[in-house]
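Below you'll find the structure, written out as structure tokens, and then a few comments.
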Amino acid sequence: MNMSRTMVSWLWWPIVITVLALVGSVYKWPILAMAPVLVAVLVSGLVVVVTGARKQKLELSLLRLRQMAGYFNRRFMGDSSLSIFAIIDSLFNIDNPKLWDWARACDMSKRVFNTWCKSFIDRVESDIRGGRPEAYLYTYLNELWLVNNHYYEFIEQFYEVAEKVEIPQETKDQYNRLVMEYNAFAQEFRDSISELKKITRTEIEPPSVRFAQELAPGK
């Protein structure tokens, strides 16, 4: 459907110019009188086509953002085994009261994050049907970036803990699986920001989406 509209936009203005030129030729309109009209029609057509193409790119970027937000919520939040909070919860199996205090604090944060992400996804799904892709895109790009950066802080904290405390190999493997998927998501997020900066203004830079570190064997 979008492709059809784009083709019509591209073809309509050349047709209008051609028809005007033919009519002018038949009725022998002066070239000096016709030229400004044809130029005005051409400029108007270019503006409409460029504006339409930009809007279409924004709509595609918004759709991609929705898909990434849904993936983030599905794979890294809730009851997913790849959630950093599920991995932190496994630390309760280690006989270390100091770790338990930290894990309990993270558990409280997990509830806030789950509520935040669920609300975010619901708003994206609802608002994306309402038009105004540019307005929604700025809002939800910034929010996904904010959610992701706060989430990354828990990944980073877990890595620092795992570097200092002996944890089960099963937990290390689970964490490293998270890192692999999370870094793939982070790369796609970076790519999306780079593409978006080509068509509109955003203060978010791709490197601000950071990559997580894997735990080395034996750590």
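Ligands are numbered from 1 in the order shown, residues from 1 within each chain, and chains are lettered A, B, ... in the order they appear in the structure tokens.
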
key: For stretch 98-101 of chain A: contacts at 12 Å, only C-alpha atoms, fewer than 6 positions along chain excluded, given as a count of residues only   = 15

Produce a table with one row for each residue of stretch 85-119 of chain A that has an atom at most 12 Å from any atom of stretch 138-149 of chain A, each row naming the nearest atom pair and its distance in Å at one decimal; use only C-alpha atoms; arrange rows by chain and rising residue number; format as a Markdown table.
| residue | atom | partner | partner_atom | distance |
| --- | --- | --- | --- | --- |
| A:Val112 | CA | A:Val147 | CA | 11.1 |
| A:Phe113 | CA | A:Val147 | CA | 8.1 |
| A:Asn114 | CA | A:Val147 | CA | 10.6 |
| A:Thr115 | CA | A:Val147 | CA | 11.6 |
| A:Trp116 | CA | A:Val147 | CA | 8.4 |
| A:Cys117 | CA | A:Val147 | CA | 7.8 |
| A:Lys118 | CA | A:Val147 | CA | 11.5 |
| A:Ser119 | CA | A:Glu143 | CA | 11.3 |

key: d(atom CA of A:Pro207, atom CA of A:Arg75) in Å   =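 We find that atom CA of A:Pro207 and atom CA of A:Arg75 lie 22.2 Å from each other.
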
ask   = Can you list, as a ChimeraX atom specification, every protein, DNA or RNA residue that comes within 9 Å of A:Leu82 when you count only C-alpha atoms, leaving out same-chain residues fewer than 5 positions away?
value = /A:75-77,87,174-175,177-179,181

N, CA, C and O atoms of the current selection, written as a PDB file, in the first residue's frame:
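See out_39.pdb below for the written result:
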ATOM      1  N   ARG A  75      12.224 -10.641  25.762  1.00  0.00           N
ATOM      2  CA  ARG A  75      13.437 -11.438  25.996  1.00  0.00           C
ATOM      3  C   ARG A  75      14.167 -11.094  27.291  1.00  0.00           C
ATOM      4  O   ARG A  75      14.816 -11.960  27.882  1.00  0.00           O
ATOM      5  N   PHE A  76      14.086  -9.855  27.742  1.00  0.00           N
ATOM      6  CA  PHE A  76      14.920  -9.431  28.866  1.00  0.00           C
ATOM      7  C   PHE A  76      14.150  -9.019  30.118  1.00  0.00           C
ATOM      8  O   PHE A  76      14.752  -8.633  31.116  1.00  0.00           O
ATOM      9  N   MET A  77      12.827  -9.093  30.055  1.00  0.00           N
ATOM     10  CA  MET A  77      12.034  -8.695  31.215  1.00  0.00           C
ATOM     11  C   MET A  77      11.078  -9.807  31.622  1.00  0.00           C
ATOM     12  O   MET A  77      11.097 -10.893  31.060  1.00  0.00           O
ATOM     13  N   ILE A  87      18.662 -13.857  36.659  1.00  0.00           N
ATOM     14  CA  ILE A  87      20.035 -14.295  36.943  1.00  0.00           C
ATOM     15  C   ILE A  87      20.466 -13.825  38.330  1.00  0.00           C
ATOM     16  O   ILE A  87      21.106 -14.572  39.089  1.00  0.00           O
ATOM     17  N   GLN A 174      24.375 -18.825  32.025  1.00  0.00           N
ATOM     18  CA  GLN A 174      23.111 -18.132  31.811  1.00  0.00           C
ATOM     19  C   GLN A 174      23.361 -16.647  31.543  1.00  0.00           C
ATOM     20  O   GLN A 174      22.749 -16.041  30.646  1.00  0.00           O
ATOM     21  N   TYR A 175      24.276 -16.063  32.304  1.00  0.00           N
ATOM     22  CA  TYR A 175      24.626 -14.657  32.111  1.00  0.00           C
ATOM     23  C   TYR A 175      25.239 -14.429  30.731  1.00  0.00           C
ATOM     24  O   TYR A 175      24.892 -13.468  30.030  1.00  0.00           O
ATOM     25  N   ARG A 177      24.808 -16.138  28.032  1.00  0.00           N
ATOM     26  CA  ARG A 177      23.772 -16.238  27.004  1.00  0.00           C
ATOM     27  C   ARG A 177      22.999 -14.926  26.902  1.00  0.00           C
ATOM     28  O   ARG A 177      22.649 -14.463  25.803  1.00  0.00           O
ATOM     29  N   LEU A 178      22.730 -14.333  28.080  1.00  0.00           N
ATOM     30  CA  LEU A 178      22.078 -13.022  28.094  1.00  0.00           C
ATOM     31  C   LEU A 178      22.928 -12.004  27.344  1.00  0.00           C
ATOM     32  O   LEU A 178      22.415 -11.234  26.519  1.00  0.00           O
ATOM     33  N   VAL A 179      24.227 -11.995  27.617  1.00  0.00           N
ATOM     34  CA  VAL A 179      25.117 -11.015  26.997  1.00  0.00           C
ATOM     35  C   VAL A 179      25.097 -11.129  25.481  1.00  0.00           C
ATOM     36  O   VAL A 179      25.063 -10.122  24.754  1.00  0.00           O
ATOM     37  N   GLU A 181      22.691 -12.237  23.478  1.00  0.00           N
ATOM     38  CA  GLU A 181      21.444 -11.714  22.918  1.00  0.00           C
ATOM     39  C   GLU A 181      21.324 -10.208  23.145  1.00  0.00           C
ATOM     40  O   GLU A 181      20.851  -9.473  22.280  1.00  0.00           O
TER      41      GLU A 181
END

request  = Could you tell me how far atom CA of A:Leu63 lies from atom CA of A:Pro206, in Å and to one decimal?
outcome  =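 Atom-to-atom, atom CA of A:Leu63 to atom CA of A:Pro206, that is 18.6 Å.
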
Which residue of A:Met68, A:Ile94, A:Val209, A:Ala103 approaches A:His150 most closely, using only C-alpha atoms = A:Val209

query = A:Arg210: which residues within 9 Å, counting only C-alpha atoms, same-chain residues fewer than 5 positions away excluded, as a PyMOL selection string?
reply = chain A and resi 149+152+183+186-187

Those residues you just picked out, can you put them in a file as a compact mmCIF listing (two decimals), in the first residue's frame with C-alpha atoms?
# COMPACT_ATOMS: atom_id res chain seq x y z
CA ASN A 149 20.50 2.34 29.90
CA TYR A 152 22.39 -2.05 31.41
CA ASN A 183 24.63 -7.24 22.56
CA ALA A 186 22.30 -3.22 21.37
CA GLN A 187 23.87 -3.39 17.89

message = Just checking: using only C-alpha atoms, which residue out of A:Ser83, A:Thr171, A:Asn176, A:Ser109 ends up closest to A:Gln213?
response =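 Counting only C-alpha atoms, the residue closest to A:Gln213 is A:Asn176.
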
key: Residue nearest A:Ile155 - candidates A:Phe185, A:Trp102, A:Tyr71, A:Phe211, atoms counted: only C-alpha atoms   =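 Selected residue with least distance to A:Ile155: A:Phe211.
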
Alpha helix (DSSP H) residues, from DSSP on the backbone, in stretch 72-186 of chain A, as JSON, numbers by chain = {"A": [72, 73, 74, 75, 76, 84, 85, 86, 87, 88, 89, 97, 98, 99, 100, 101, 102, 103, 104, 105, 106, 107, 108, 109, 110, 111, 112, 113, 114, 115, 116, 117, 118, 119, 120, 121, 122, 123, 124, 125, 126, 127, 133, 134, 135, 136, 137, 138, 139, 140, 141, 142, 143, 144, 145, 146, 147, 148, 149, 150, 151, 152, 153, 154, 155, 156, 157, 158, 159, 160, 161, 162, 163, 164, 169, 170, 171, 172, 173, 174, 175, 176, 177, 178, 179, 180, 181, 182, 183, 184, 185, 186]}

task = Select, from A:Ile121, A:Leu196, A:Ala105, A:Ile84, the residue with the minimum atom-to-atom distance to A:Leu62, counting only C-alpha atoms.
result =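 Going through A:Ile121, A:Leu196, A:Ala105, A:Ile84 one by one, the smallest distance to A:Leu62 is for A:Leu196.
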